[in-house]
Structure formats: C-alpha cells, structure tokens
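**Student:** Got a structure for you, final_9.cif, holding mmCIF, C-alpha atoms.
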```
data_coords
#
loop_
_atom_site.label_atom_id
_atom_site.label_comp_id
_atom_site.auth_asym_id
_atom_site.auth_seq_id
_atom_site.Cartn_x
_atom_site.Cartn_y
_atom_site.Cartn_z
CA MET A 1 -70.79 82.44 318.79
CA GLY A 2 -67.60 84.28 319.63
CA ASP A 3 -64.02 83.12 320.08
CA MET A 4 -62.75 81.22 323.10
CA GLY A 5 -59.13 81.94 323.87
CA GLY A 6 -56.77 83.95 326.00
CA ASP A 7 -58.93 87.07 325.98
CA GLN A 8 -61.85 85.16 327.44
CA VAL A 9 -59.70 83.63 330.19
CA SER A 10 -58.39 87.09 331.04
CA GLN A 11 -61.94 88.47 331.11
CA ALA A 12 -63.19 85.70 333.39
CA VAL A 13 -60.26 86.09 335.79
CA ALA A 14 -60.64 89.88 335.92
CA GLY A 15 -64.32 89.56 336.84
CA SER A 16 -63.59 86.97 339.49
CA ALA A 17 -60.71 88.94 340.99
CA ALA A 18 -62.82 92.09 341.20
CA LEU A 19 -65.53 90.28 343.15
CA LEU A 20 -63.14 88.40 345.44
CA ARG A 21 -61.15 91.52 346.30
CA SER A 22 -64.37 93.22 347.34
CA VAL A 23 -64.91 90.49 349.97
CA SER A 24 -61.27 89.70 350.80
CA GLY A 25 -61.72 91.02 354.33
CA ARG A 26 -64.34 88.38 355.10
CA ASP A 27 -63.74 84.97 356.72
CA TRP A 28 -63.09 82.54 353.82
CA LYS A 29 -61.79 79.62 355.86
CA GLY A 30 -64.81 79.19 358.08
CA VAL A 31 -67.45 79.35 355.36
CA ASP A 32 -68.32 76.61 352.87
CA ALA A 33 -68.37 77.56 349.20
CA GLY A 34 -71.98 77.11 348.10
CA ARG A 35 -72.90 73.46 347.76
CA LEU A 36 -69.28 72.30 347.93
CA GLU A 37 -67.70 70.65 350.94
CA TRP A 38 -64.73 73.00 350.59
CA SER A 39 -64.25 76.30 352.33
CA CYS A 40 -64.29 79.48 350.29
CA ARG A 41 -60.53 79.77 350.85
CA ARG A 42 -59.82 76.26 349.61
CA THR A 43 -62.06 76.84 346.61
CA ALA A 44 -60.19 80.01 345.66
CA GLU A 45 -56.86 78.17 345.90
CA HIS A 46 -58.36 75.37 343.80
CA ILE A 47 -59.10 77.84 340.98
CA CYS A 48 -55.45 78.89 341.04
CA LEU A 49 -54.31 75.26 340.85
CA ASP A 50 -56.55 74.53 337.87
CA LEU A 51 -55.33 77.57 335.96
CA ILE A 52 -51.63 76.86 336.41
CA MET A 53 -52.14 73.12 335.81
CA TYR A 54 -53.87 73.81 332.49
CA ALA A 55 -51.16 76.30 331.54
CA GLY A 56 -48.42 73.79 332.34
CA ARG A 57 -50.03 70.94 330.39
CA LEU A 58 -50.63 73.07 327.32
CA ALA A 59 -47.19 74.72 327.37
CA ALA A 60 -45.43 71.36 327.82
CA ARG A 61 -47.68 69.53 325.32
CA ALA A 62 -48.15 66.95 328.08
CA THR A 63 -49.31 63.54 326.86
CA GLY A 64 -50.25 62.17 330.27
CA TYR A 65 -51.05 63.07 333.84
CA VAL A 66 -48.50 65.41 335.42
CA PRO A 67 -48.48 65.48 339.28
CA PHE A 68 -48.98 69.08 340.25
CA GLU A 69 -49.81 71.07 343.36
CA ILE A 70 -49.82 74.70 344.38
CA VAL A 71 -49.14 75.78 347.95
CA VAL A 72 -50.06 79.19 349.29
CA PRO A 73 -47.70 79.99 352.19
CA ASP A 74 -49.10 80.19 355.70
CA GLY A 75 -49.95 83.73 356.65
CA THR A 76 -51.08 84.71 353.16
CA ASP A 77 -54.26 86.74 353.43
CA ASN A 78 -57.22 86.45 351.09
CA ALA A 79 -56.04 89.38 348.99
CA GLY A 80 -52.80 87.47 348.44
CA VAL A 81 -54.78 84.52 347.09
CA VAL A 82 -56.46 86.88 344.63
CA ASP A 83 -52.96 87.94 343.54
CA VAL A 84 -52.17 84.29 342.87
CA LEU A 85 -55.43 83.94 340.93
CA GLU A 86 -54.52 86.84 338.67
CA THR A 87 -51.01 85.47 338.15
CA THR A 88 -52.07 81.93 337.29
CA GLY A 89 -54.77 83.33 335.03
CA ALA A 90 -52.12 85.34 333.18
CA LEU A 91 -50.01 82.20 332.75
CA LEU A 92 -52.89 80.26 331.21
CA THR A 93 -53.72 83.21 328.99
CA ALA A 94 -50.14 83.31 327.73
CA ALA A 95 -50.01 79.56 327.15
CA ILE A 96 -53.20 79.67 325.08
CA ARG A 97 -52.07 82.66 323.02
CA THR A 98 -48.74 81.06 322.14
CA ALA A 99 -49.92 77.49 321.46
CA PRO A 100 -50.33 76.58 317.77
CA ARG A 101 -53.83 75.53 316.77
CA GLU A 102 -52.91 71.85 316.25
CA VAL A 103 -51.30 71.39 319.67
CA ARG A 104 -53.19 69.13 322.05
CA ALA A 105 -52.34 68.21 325.62
CA PHE A 106 -53.61 65.72 328.15
CA HIS A 107 -56.95 66.04 329.86
CA PRO A 108 -58.75 62.92 331.07
CA SER A 109 -62.37 63.76 330.36
CA PRO A 110 -63.60 62.21 328.20
CA PHE A 111 -61.33 61.79 325.16
CA ARG A 112 -57.91 62.17 326.83
CA SER A 113 -56.84 65.49 325.27
CA ALA A 114 -57.80 69.10 324.59
CA ASN A 115 -56.61 71.84 322.26
CA ARG A 116 -55.98 75.47 323.20
CA GLU A 117 -59.66 76.34 322.78
CA GLY A 118 -60.62 73.46 325.05
CA PHE A 119 -58.18 74.56 327.75
CA ALA A 120 -59.52 78.10 327.47
CA ALA A 121 -63.09 76.87 327.89
CA MET A 122 -62.14 74.67 330.86
CA GLY A 123 -60.24 77.52 332.48
CA VAL A 124 -63.14 79.91 332.05
CA ALA A 125 -65.56 77.28 333.40
CA GLU A 126 -63.45 76.72 336.51
CA VAL A 127 -63.27 80.45 337.18
CA LEU A 128 -66.95 81.15 336.63
CA LEU A 129 -68.32 78.17 338.51
CA HIS A 130 -66.06 78.32 341.53
CA THR A 131 -66.39 82.08 341.82
CA HIS A 132 -70.13 81.42 341.93
CA ASP A 133 -69.56 78.87 344.71
CA ILE A 134 -67.57 81.35 346.78
CA ALA A 135 -70.07 84.14 346.16
CA GLU A 136 -72.93 81.88 347.17
CA GLY A 137 -71.15 80.90 350.37
CA LEU A 138 -70.46 84.52 351.28
CA GLY A 139 -73.94 85.68 350.26
CA VAL A 140 -72.89 88.14 347.54
CA PRO A 141 -74.28 88.38 343.98
CA TYR A 142 -72.24 87.22 341.01
CA GLU A 143 -73.24 86.90 337.37
CA PRO A 144 -70.62 86.68 334.60
CA PRO A 145 -71.16 87.89 331.03
CA ALA A 146 -73.58 85.73 329.02
CA GLU A 147 -71.13 85.41 326.13
CA LEU A 148 -68.54 83.73 328.37
CA CYS A 149 -71.13 81.23 329.56
CA GLU A 150 -72.32 80.54 326.02
CA GLY A 151 -68.74 80.05 324.90
CA VAL A 152 -68.22 77.40 327.57
CA LEU A 153 -71.49 75.62 326.77
CA THR A 154 -70.95 75.49 323.01
CA ARG A 155 -67.43 74.09 323.33
CA ILE A 156 -67.29 71.68 326.26
CA PHE A 157 -70.97 70.99 326.96
CA PRO A 158 -72.11 69.88 323.47
CA HIS A 159 -74.54 67.37 325.00
CA VAL A 160 -76.47 70.04 326.93
CA ARG A 161 -79.51 71.57 325.23
CA PRO A 162 -79.05 75.35 325.22
CA GLY A 163 -81.44 77.52 327.20
CA LEU A 164 -82.55 81.13 327.03
CA ASP A 165 -80.14 82.11 329.82
CA PRO A 166 -76.62 80.71 329.28
CA TRP A 167 -75.52 81.36 332.88
CA ARG A 168 -78.52 79.58 334.39
CA THR A 169 -78.05 76.75 331.89
CA LEU A 170 -74.39 76.36 332.87
CA LEU A 171 -75.26 76.33 336.55
CA TRP A 172 -77.96 73.70 335.95
CA ALA A 173 -75.63 71.58 333.79
CA THR A 174 -73.09 71.46 336.63
CA GLY A 175 -75.56 70.66 339.40
CA ARG A 176 -75.68 74.18 340.79
CA GLY A 177 -79.21 75.26 339.96
CA GLU A 178 -82.58 74.43 338.50
CA LEU A 179 -84.18 74.97 335.11
CA PRO A 180 -87.91 74.73 334.47
CA GLY A 181 -88.83 71.49 332.74
CA ARG A 182 -85.46 69.85 333.33
CA ALA A 183 -84.56 67.26 335.94
CA PRO A 184 -81.88 68.19 338.49
CA VAL A 185 -78.31 67.25 337.53
CA THR A 186 -76.57 65.07 340.09
CA GLY A 187 -73.51 64.02 338.09
CA TRP A 188 -71.84 65.76 335.20
CA THR A 189 -68.71 66.10 333.09
CA TRP A 190 -67.66 68.32 330.24
CA SER A 191 -66.54 67.07 326.85
CA ASN A 192 -63.61 68.30 324.81
CA ASN A 193 -63.77 67.60 321.10
CA LEU A 194 -62.84 64.10 319.98
CA VAL A 195 -59.81 63.66 317.69
CA ILE A 196 -59.18 60.41 315.79
CA GLY A 197 -55.89 59.63 314.08
CA ALA A 198 -56.12 58.29 310.53
CA GLY A 199 -52.69 58.12 308.93
CA ARG A 200 -52.07 61.28 306.96
CA VAL A 201 -55.09 63.04 308.46
CA THR A 202 -56.79 63.46 311.80
CA LEU A 203 -60.55 63.64 312.24
CA GLN A 204 -61.22 66.58 314.54
CA GLY A 205 -64.64 66.79 316.17
CA VAL A 206 -66.66 69.90 315.39
CA THR A 207 -68.12 71.64 318.45
CA PRO A 208 -71.50 73.40 318.29
CA ALA A 209 -69.62 76.71 318.25
CA ALA A 210 -67.56 75.64 315.23
CA ALA A 211 -70.64 74.18 313.55
CA ALA A 212 -72.48 77.50 313.88
CA ASP A 213 -69.58 79.31 312.24
CA LEU A 214 -69.34 76.77 309.41
CA ARG A 215 -73.07 76.91 308.76
CA ALA A 216 -72.90 80.70 308.61
CA GLY A 217 -70.18 80.59 305.95
CA GLY A 218 -67.10 80.77 308.18
CA THR A 219 -64.14 78.43 308.62
CA GLY A 220 -65.17 76.88 311.93
CA GLY A 221 -61.73 77.84 313.21
CA PHE A 222 -59.94 75.54 310.74
CA ASP A 223 -57.29 76.48 308.17
CA TRP A 224 -58.84 75.22 304.93
CA ILE A 225 -57.17 74.46 301.63
CA GLU A 226 -58.49 76.21 298.54
CA GLY A 227 -62.09 75.25 297.81
CA GLY A 228 -62.95 74.22 301.34
CA PRO A 229 -65.10 73.73 303.22
CA PHE A 230 -67.28 72.12 300.57
CA GLU A 231 -71.07 72.37 300.66
CA GLY A 232 -71.60 68.93 302.23
CA THR A 233 -69.53 69.93 305.26
CA ARG A 234 -71.58 73.10 305.74
CA ASP A 235 -74.80 71.10 305.47
CA ALA A 236 -73.49 68.59 308.03
CA ALA A 237 -72.65 71.49 310.35
CA GLY A 238 -76.31 72.46 310.17
CA MET A 239 -77.24 68.93 311.29
CA VAL A 240 -74.93 69.28 314.29
CA LEU A 241 -76.58 72.56 315.25
CA LYS A 242 -80.05 71.08 314.91
CA ALA A 243 -79.12 68.15 317.16
CA TYR A 244 -77.45 70.47 319.69
CA GLU A 245 -80.46 72.75 319.90
CA ALA A 246 -82.66 69.68 320.46
CA GLY A 247 -80.37 68.39 323.21
CA VAL A 248 -79.60 65.11 321.38
CA HIS A 249 -76.14 65.87 319.97
CA ARG A 250 -73.40 63.41 320.94
CA PRO A 251 -69.84 64.30 319.88
CA GLU A 252 -69.00 60.74 318.76
CA TRP A 253 -71.88 60.85 316.26
CA GLY A 254 -71.39 64.33 314.89
CA LEU A 255 -69.21 66.00 312.28
CA PHE A 256 -65.44 65.74 311.99
CA VAL A 257 -63.12 67.90 309.92
CA LEU A 258 -60.29 66.08 308.16
CA VAL A 259 -57.00 67.86 308.87
CA ARG A 260 -53.70 66.93 307.21
CA THR A 261 -51.05 66.07 309.75
CA GLU A 262 -48.23 67.41 307.56
CA ASP A 263 -49.39 71.03 307.55
CA GLY A 264 -52.54 71.35 309.69
CA ARG A 265 -54.71 72.26 306.69
CA ALA A 266 -58.33 71.12 306.62
CA VAL A 267 -59.26 69.16 303.49
CA GLY A 268 -62.81 67.91 304.07
CA GLY A 269 -65.55 66.75 306.40
CA MET A 270 -66.83 63.36 307.52
CA GLY A 271 -69.32 62.21 310.09
CA PHE A 272 -72.64 60.71 310.98
CA HIS A 273 -76.17 61.80 310.18
CA GLY A 274 -77.16 61.27 313.80
CA ASN A 275 -76.92 58.83 316.67
CA PRO A 276 -77.32 55.08 315.99
CA ASP A 277 -80.91 53.88 315.68
CA GLU A 278 -82.57 51.21 317.81
CA GLU A 279 -81.10 48.50 315.61
CA GLY A 280 -77.57 49.82 316.11
CA ARG A 281 -77.23 51.28 312.61
CA ALA A 282 -75.71 54.66 311.81
CA GLU A 283 -75.39 56.51 308.52
CA ILE A 284 -72.06 58.02 307.54
CA GLY A 285 -71.21 60.69 304.97
CA TYR A 286 -68.27 62.76 303.79
CA ASP A 287 -66.95 65.24 301.27
CA LEU A 288 -63.59 66.72 300.34
CA ALA A 289 -62.49 70.04 298.93
CA PRO A 290 -61.89 69.52 295.19
CA ALA A 291 -58.12 70.02 295.51
CA ALA A 292 -57.88 67.15 298.04
CA ARG A 293 -59.72 64.51 296.02
CA GLY A 294 -58.11 61.45 294.53
CA GLN A 295 -55.33 61.28 297.14
CA GLY A 296 -56.73 58.65 299.51
CA TYR A 297 -57.58 60.97 302.41
CA ALA A 298 -61.25 60.00 302.53
CA THR A 299 -60.47 56.27 302.47
CA GLU A 300 -58.02 56.54 305.36
CA ALA A 301 -60.42 58.63 307.40
CA LEU A 302 -63.42 56.39 306.68
CA ARG A 303 -61.53 53.29 307.76
CA ALA A 304 -60.50 54.91 311.06
CA LEU A 305 -63.94 56.34 311.83
CA SER A 306 -65.69 53.08 310.94
CA GLU A 307 -63.32 50.98 313.02
CA ARG A 308 -63.90 53.16 316.05
CA ALA A 309 -67.67 53.15 315.67
CA LEU A 310 -67.96 49.39 315.13
CA ALA A 311 -65.82 48.68 318.21
CA ARG A 312 -68.75 49.87 320.34
CA ASP A 313 -71.21 47.35 321.71
CA ASP A 314 -74.21 49.45 320.70
CA VAL A 315 -73.28 49.63 317.00
CA LYS A 316 -74.00 46.73 314.64
CA ALA A 317 -73.62 48.29 311.21
CA LEU A 318 -72.76 51.46 309.31
CA PHE A 319 -74.24 52.43 305.99
CA ALA A 320 -73.65 55.06 303.33
CA THR A 321 -75.54 56.13 300.23
CA VAL A 322 -73.63 57.15 297.12
CA ASP A 323 -74.94 58.62 293.87
CA ARG A 324 -74.75 56.17 290.96
CA VAL A 325 -72.73 58.64 288.93
CA ASN A 326 -70.20 59.25 291.72
CA THR A 327 -67.76 56.46 290.95
CA PRO A 328 -64.86 58.01 292.95
CA SER A 329 -66.98 57.96 296.13
CA GLN A 330 -68.07 54.41 295.40
CA GLY A 331 -64.38 53.53 295.31
CA VAL A 332 -63.84 55.18 298.70
CA VAL A 333 -66.52 53.17 300.49
CA SER A 334 -65.45 49.95 298.77
CA ARG A 335 -61.80 50.37 299.72
CA ALA A 336 -62.91 51.12 303.29
CA GLY A 337 -64.62 47.71 303.45
CA PHE A 338 -68.24 48.61 302.71
CA THR A 339 -70.30 46.28 300.53
CA ARG A 340 -73.01 47.40 298.12
CA VAL A 341 -76.31 45.97 299.35
CA SER A 342 -78.90 47.75 297.21
CA GLU A 343 -79.31 49.84 294.11
CA GLU A 344 -81.96 51.96 295.76
CA HIS A 345 -82.26 53.72 299.08
CA GLY A 346 -85.44 55.25 300.36
CA GLU A 347 -87.26 57.21 297.68
CA ASP A 348 -84.16 57.99 295.64
CA ALA A 349 -83.48 55.42 292.91
CA ASP A 350 -80.33 57.26 291.78
CA GLN A 351 -78.20 56.03 294.70
CA TYR A 352 -76.45 52.88 295.78
CA ALA A 353 -76.59 51.74 299.42
CA TYR A 354 -73.42 50.40 301.05
CA GLU A 355 -73.06 48.68 304.41
CA LEU A 356 -70.28 47.70 306.78
CA ARG A 357 -71.07 45.35 309.63
CA GLY A 358 -69.11 44.79 312.80
#
```
As structure tokens, what does this structure read like?
**Tutor:**
Amino acid sequence: MGDMGGDQVSQAVAGSAALLRSVSGRDWKGVDAGRLEWSCRRTAEHICLDLIMYAGRLAARATGYVPFEIVVPDGTDNAGVVDVLETTGALLTAAIRTAPREVRAFHPSPFRSANREGFAAMGVAEVLLHTHDIAEGLGVPYEPPAELCEGVLTRIFPHVRPGLDPWRTLLWATGRGELPGRAPVTGWTWSNNLVIGAGRVTLQGVTPAAAADLRAGGTGGFDWIEGGPFEGTRDAAGMVLKAYEAGVHRPEWGLFVLVRTEDGRAVGGMGFHGNPDEEGRAEIGYDLAPAARGQGYATEALRALSERALARDDVKALFATVDRVNTPSQGVVSRAGFTRVSEEHGEDADQYAYELRG
C-alpha cells in the first residue's frame, strides 16, 4: 500500500482537471451532479472549497471549526472554476508537504482531528468522488487510478471490507454504486485515525495501510527508536489486517502506536485483540522497544486506553494475560489498576490472567 500525501492530492486534482476541462463548454448549472441534489457547477465549486478548507486547517493547526467559504465571481466560466480547482489543490498539496508528521488539525468526523495523511486522503476522496458525480451528470466516463482509491480506503475507510476493485468499492462505500453480495449504503462517513493522549505519550491509531507496512517489516510511517517496532507490534498489525480484510475491523479496537510527545519517536505498540465479545469483554496487549522499557510509558498508556474503553456502555471489563516470568509486565498491569484473577488462561498454564472492570 503506497504513500498518501501531497503527490497523491496533486495526481487526483490533475486527473479531475483534465476531465473537467474537456467538458468545460457544457452546461454545468442546469445539470445535476449524479445522485446529488447539487448542480455540476456547484459540485465543482464545492471541491474547491474542501481543498482550500483542508489546506487552511492543516496550515493553521486549527483546533476547532473555522468558518470558511469560497466565492467564485459572477461571470466566471467553467474553465475558470477548473483554474480554481487546480489552485486550491496546489495549496493543499503544499500544506501537506510542509506539515510535520505529528501535526494534527480539526476535522469533526469521527475523532475530531486528522494528521497530514488524513487530510491528504480526505482531499483525494473529495476530488475523486465529486468528479465522478459531475461526470455521471454530464454522461462522460471517469475512472481514477486504482492505487488512489486503495489509498483512500485503507486510510479513512478502515471499517469497509476491501473488494477486488478499489474504485467500485469506494463508490459503494459512499452510496454511489452497488457491489455483489453487499447491501446498498444509504449513510456513510469516513474515519481518521484515533489519537489518545496519555501523559508523556500519545496512542496513535494504526490504519490498515500502516498495519500492512508494519506487518511487511516497515515502519508503518512512524519514526521508531532503536529496537522498534518490537515483534508483538508487528504481530498485532497482522491482526488488524486480518480484521480489515474480513470487514470487522473497528479503529477503537485495533492497534495503537505509542509515540513520545517530547520528540515524536515511536516507542511501542498497544491495543486490543479484537472487538468486545457478547459479554462486553475485550483483551488488551502491548509491547515496548527494549530501549523504552522501565520508564513508565506502558503504564501511562494502559491507564488512558483502559479508561477510554471502560467509559463505553458496551464494555464491562478488560483483561490481559501475562507470562509468569514477565514480572515487569505484571507490574504494568497492576499499576494500571488490573487485578490478577487466575493463574491460568485457556490452555496455557504459564500465564497469569488480569482483569479490570468498569
């Protein structure tokens, strides 16, 4: 799974602009854009607004909603709107390329912020989907590169089971098409990765794209300290991929990378072994790079992640299993409030079971 950044925004905008220029002499105001209740002209202007709005939020590191509007002067022809599209696309591209990796800015859905990769994916999605709407309204073919569609799906649609055709899957996931064996989508939203503050570290949600890279031996896009990521984090990334491919992955119950706030370096991984069961129980696990152990990072992160999970109505208890010989890890779960409830767990008699109830 490739990168998602300024180059991808630029690629998406270039493809859209090429198509729209080829039909700029057509009537855009009197034709609805696909299934939307907007005209093709309004939809094209909406793309421009989204691109410059995303660029402004990311560049300003906005922490809340910023009132914003873009007005195309009366008398501007359709080719002029395409000029605006290319300009606003260039602004978002520049904002993404210059934003440090740790910068996040406001976006409401669903976790209240996004990083530069998230804004890139949202920008690409807006361009691809609304160009499709305009093309459908005007009766012209449009199909963007599969890698752009896959990049969007694996970053901001982690809850959507991938299909053989990324473009058709993206259209289905946004209520714009059908897929064999899947019910029509009537309401949808995308999902930027969840970030949870935990004192000296943040827990940063791992997208399916990052999980694939971690499982394959890469960094997942994180700046790791020496010795990281450790093997448990790579194994957990494989669990995320398996859940994603089955269509059951939920970001809140996946893998998080622990990133130090002081320098943006990744020190370990923590997360759940899957969604809560019918009894409202979820299993939690973690590991740290050797150089980060013994400094309290895991305890701080486990407290924050547990508190967030147990605040939900559908979660009654969390549990963790720790090897009998791993006394440091036993100390982590104990300091985080877990209580040892058994000396055995499942078929493995060499582990202790710990539980934390809400």
**Student:** Need to verify the contact set: region 291-297 of chain A, 9 Å, all atoms listed in the file, exclusion of same-chain residues closer than 6 positions in sequence. Can you return it as a list of chain:residue names?
**Tutor:**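 In the requested form, the answer reads A:Ala198, A:Gly199, A:Arg200, A:Val201, A:Ile225, A:Glu226, A:Gly227, A:Gly228, A:Leu258, A:Arg260, A:Val267, A:Gly268, A:Pro328, A:Val332.
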**Student:** I'd like to see the residues matched by the PyMOL selection byres ((chain A and resi 254) around 7) on this file, and ideally I'd get them as number ranges by chain.
**Tutor:** A: 240, 250-253, 255-256, 271-272, 274
**Student:** Output C-alpha atoms for every residue in the selection just made, as a PDB file, keeping the file's coordinate frame.
**Tutor:**
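The resulting file, result34.pdb, is reproduced below:
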```pdb
ATOM      1  CA  VAL A 240     -74.930  69.280 314.290  1.00  0.00           C
ATOM      2  CA  ARG A 250     -73.400  63.410 320.940  1.00  0.00           C
ATOM      3  CA  PRO A 251     -69.840  64.300 319.880  1.00  0.00           C
ATOM      4  CA  GLU A 252     -69.000  60.740 318.760  1.00  0.00           C
ATOM      5  CA  TRP A 253     -71.880  60.850 316.260  1.00  0.00           C
ATOM      6  CA  LEU A 255     -69.210  66.000 312.280  1.00  0.00           C
ATOM      7  CA  PHE A 256     -65.440  65.740 311.990  1.00  0.00           C
ATOM      8  CA  GLY A 271     -69.320  62.210 310.090  1.00  0.00           C
ATOM      9  CA  PHE A 272     -72.640  60.710 310.980  1.00  0.00           C
ATOM     10  CA  GLY A 274     -77.160  61.270 313.800  1.00  0.00           C
TER      11      GLY A 274
END
```
**Student:** Selected by the PyMOL selection byres ((chain A and resi 19) around 12) in the shown coordinates: which residues, as a ChimeraX atom specification?
**Tutor:** /A:12-18,20-25,44,79,82,127-128,131-132,134-136,138-144
**Student:** Which of these, A:Leu356, A:Ala146, A:Val259, A:Ile156, has the shortest distance to Gly221 (chain A) once you count all atoms listed in the file?
**Tutor:**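 Between A:Leu356, A:Ala146, A:Val259, A:Ile156, the residue approaching Gly221 (chain A) most closely is A:Val259.
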**Student:** What would the selection look like, as a ChimeraX atom specification, if the PyMOL selection byres ((chain A and resi 70-74) around 10) were run on the coordinates I just shared?
**Tutor:** /A:45-46,48-50,52-53,68-69,75-77,80-81,84
**Student:** Working from the structure I just supplied, which lacks atoms in region 163-172 of chain A, can you model all heavy atoms there and output them as a JSON list (two decimals), in the coordinates of the input?
**Tutor:**
```
[["chain", "number", "residue", "atom", "x", "y", "z"],
["A", 163, "GLY", "N", -80.27, 76.88, 326.62],
["A", 163, "GLY", "CA", -81.44, 77.52, 327.20],
["A", 163, "GLY", "C", -81.42, 79.01, 326.88],
["A", 163, "GLY", "O", -80.48, 79.53, 326.28],
["A", 164, "LEU", "N", -82.46, 79.70, 327.29],
["A", 164, "LEU", "CA", -82.55, 81.13, 327.03],
["A", 164, "LEU", "C", -81.52, 81.92, 327.81],
["A", 164, "LEU", "O", -81.09, 82.99, 327.37],
["A", 164, "LEU", "CB", -83.97, 81.63, 327.37],
["A", 164, "LEU", "CG", -85.11, 81.05, 326.52],
["A", 164, "LEU", "CD1", -86.46, 81.58, 327.02],
["A", 164, "LEU", "CD2", -84.91, 81.38, 325.05],
["A", 165, "ASP", "N", -81.10, 81.42, 328.95],
["A", 165, "ASP", "CA", -80.14, 82.11, 329.82],
["A", 165, "ASP", "C", -78.90, 81.23, 329.95],
["A", 165, "ASP", "O", -78.91, 80.23, 330.68],
["A", 165, "ASP", "CB", -80.78, 82.36, 331.19],
["A", 165, "ASP", "CG", -79.91, 83.19, 332.11],
["A", 165, "ASP", "OD1", -78.67, 83.06, 332.03],
["A", 165, "ASP", "OD2", -80.46, 83.96, 332.91],
["A", 166, "PRO", "N", -77.80, 81.57, 329.25],
["A", 166, "PRO", "CA", -76.62, 80.71, 329.28],
["A", 166, "PRO", "C", -76.04, 80.49, 330.68],
["A", 166, "PRO", "O", -75.57, 79.39, 330.99],
["A", 166, "PRO", "CB", -75.62, 81.45, 328.38],
["A", 166, "PRO", "CG", -76.46, 82.27, 327.48],
["A", 166, "PRO", "CD", -77.65, 82.68, 328.31],
["A", 167, "TRP", "N", -76.07, 81.51, 331.54],
["A", 167, "TRP", "CA", -75.52, 81.36, 332.88],
["A", 167, "TRP", "C", -76.36, 80.39, 333.70],
["A", 167, "TRP", "O", -75.83, 79.49, 334.35],
["A", 167, "TRP", "CB", -75.45, 82.72, 333.57],
["A", 167, "TRP", "CG", -74.96, 82.74, 334.98],
["A", 167, "TRP", "CD1", -75.52, 83.41, 336.02],
["A", 167, "TRP", "CD2", -73.79, 82.11, 335.53],
["A", 167, "TRP", "NE1", -74.78, 83.25, 337.17],
["A", 167, "TRP", "CE2", -73.70, 82.44, 336.90],
["A", 167, "TRP", "CE3", -72.80, 81.28, 334.99],
["A", 167, "TRP", "CZ2", -72.69, 81.98, 337.74],
["A", 167, "TRP", "CZ3", -71.78, 80.82, 335.83],
["A", 167, "TRP", "CH2", -71.73, 81.16, 337.18],
["A", 168, "ARG", "N", -77.67, 80.52, 333.66],
["A", 168, "ARG", "CA", -78.52, 79.58, 334.39],
["A", 168, "ARG", "C", -78.40, 78.17, 333.83],
["A", 168, "ARG", "O", -78.45, 77.19, 334.58],
["A", 168, "ARG", "CB", -79.99, 80.03, 334.34],
["A", 168, "ARG", "CG", -80.25, 81.43, 334.92],
["A", 168, "ARG", "CD", -79.92, 81.50, 336.42],
["A", 168, "ARG", "NE", -80.13, 82.84, 336.96],
["A", 168, "ARG", "CZ", -79.26, 83.83, 336.95],
["A", 168, "ARG", "NH1", -78.08, 83.64, 336.40],
["A", 168, "ARG", "NH2", -79.54, 85.00, 337.49],
["A", 169, "THR", "N", -78.22, 78.07, 332.51],
["A", 169, "THR", "CA", -78.05, 76.75, 331.89],
["A", 169, "THR", "C", -76.75, 76.10, 332.35],
["A", 169, "THR", "O", -76.71, 74.90, 332.65],
["A", 169, "THR", "CB", -78.07, 76.86, 330.36],
["A", 169, "THR", "OG1", -79.31, 77.47, 329.94],
["A", 169, "THR", "CG2", -77.95, 75.49, 329.70],
["A", 170, "LEU", "N", -75.68, 76.89, 332.42],
["A", 170, "LEU", "CA", -74.39, 76.36, 332.87],
["A", 170, "LEU", "C", -74.47, 75.92, 334.33],
["A", 170, "LEU", "O", -73.94, 74.86, 334.69],
["A", 170, "LEU", "CB", -73.30, 77.40, 332.66],
["A", 170, "LEU", "CG", -71.88, 76.98, 333.06],
["A", 170, "LEU", "CD1", -71.43, 75.75, 332.28],
["A", 170, "LEU", "CD2", -70.89, 78.13, 332.85],
["A", 171, "LEU", "N", -75.12, 76.71, 335.15],
["A", 171, "LEU", "CA", -75.26, 76.33, 336.55],
["A", 171, "LEU", "C", -76.07, 75.03, 336.68],
["A", 171, "LEU", "O", -75.71, 74.15, 337.45],
["A", 171, "LEU", "CB", -75.95, 77.46, 337.34],
["A", 171, "LEU", "CG", -75.14, 78.75, 337.54],
["A", 171, "LEU", "CD1", -75.98, 79.79, 338.25],
["A", 171, "LEU", "CD2", -73.85, 78.48, 338.31],
["A", 172, "TRP", "N", -77.16, 74.94, 335.91],
["A", 172, "TRP", "CA", -77.96, 73.70, 335.95],
["A", 172, "TRP", "C", -77.13, 72.50, 335.47],
["A", 172, "TRP", "O", -77.16, 71.43, 336.08],
["A", 172, "TRP", "CB", -79.20, 73.85, 335.07],
["A", 172, "TRP", "CG", -79.92, 72.56, 334.86],
["A", 172, "TRP", "CD1", -80.81, 71.96, 335.70],
["A", 172, "TRP", "CD2", -79.76, 71.67, 333.74],
["A", 172, "TRP", "NE1", -81.24, 70.75, 335.18],
["A", 172, "TRP", "CE2", -80.60, 70.56, 333.98],
["A", 172, "TRP", "CE3", -79.01, 71.72, 332.57],
["A", 172, "TRP", "CZ2", -80.70, 69.50, 333.08],
["A", 172, "TRP", "CZ3", -79.11, 70.67, 331.66],
["A", 172, "TRP", "CH2", -79.95, 69.57, 331.93]]
```
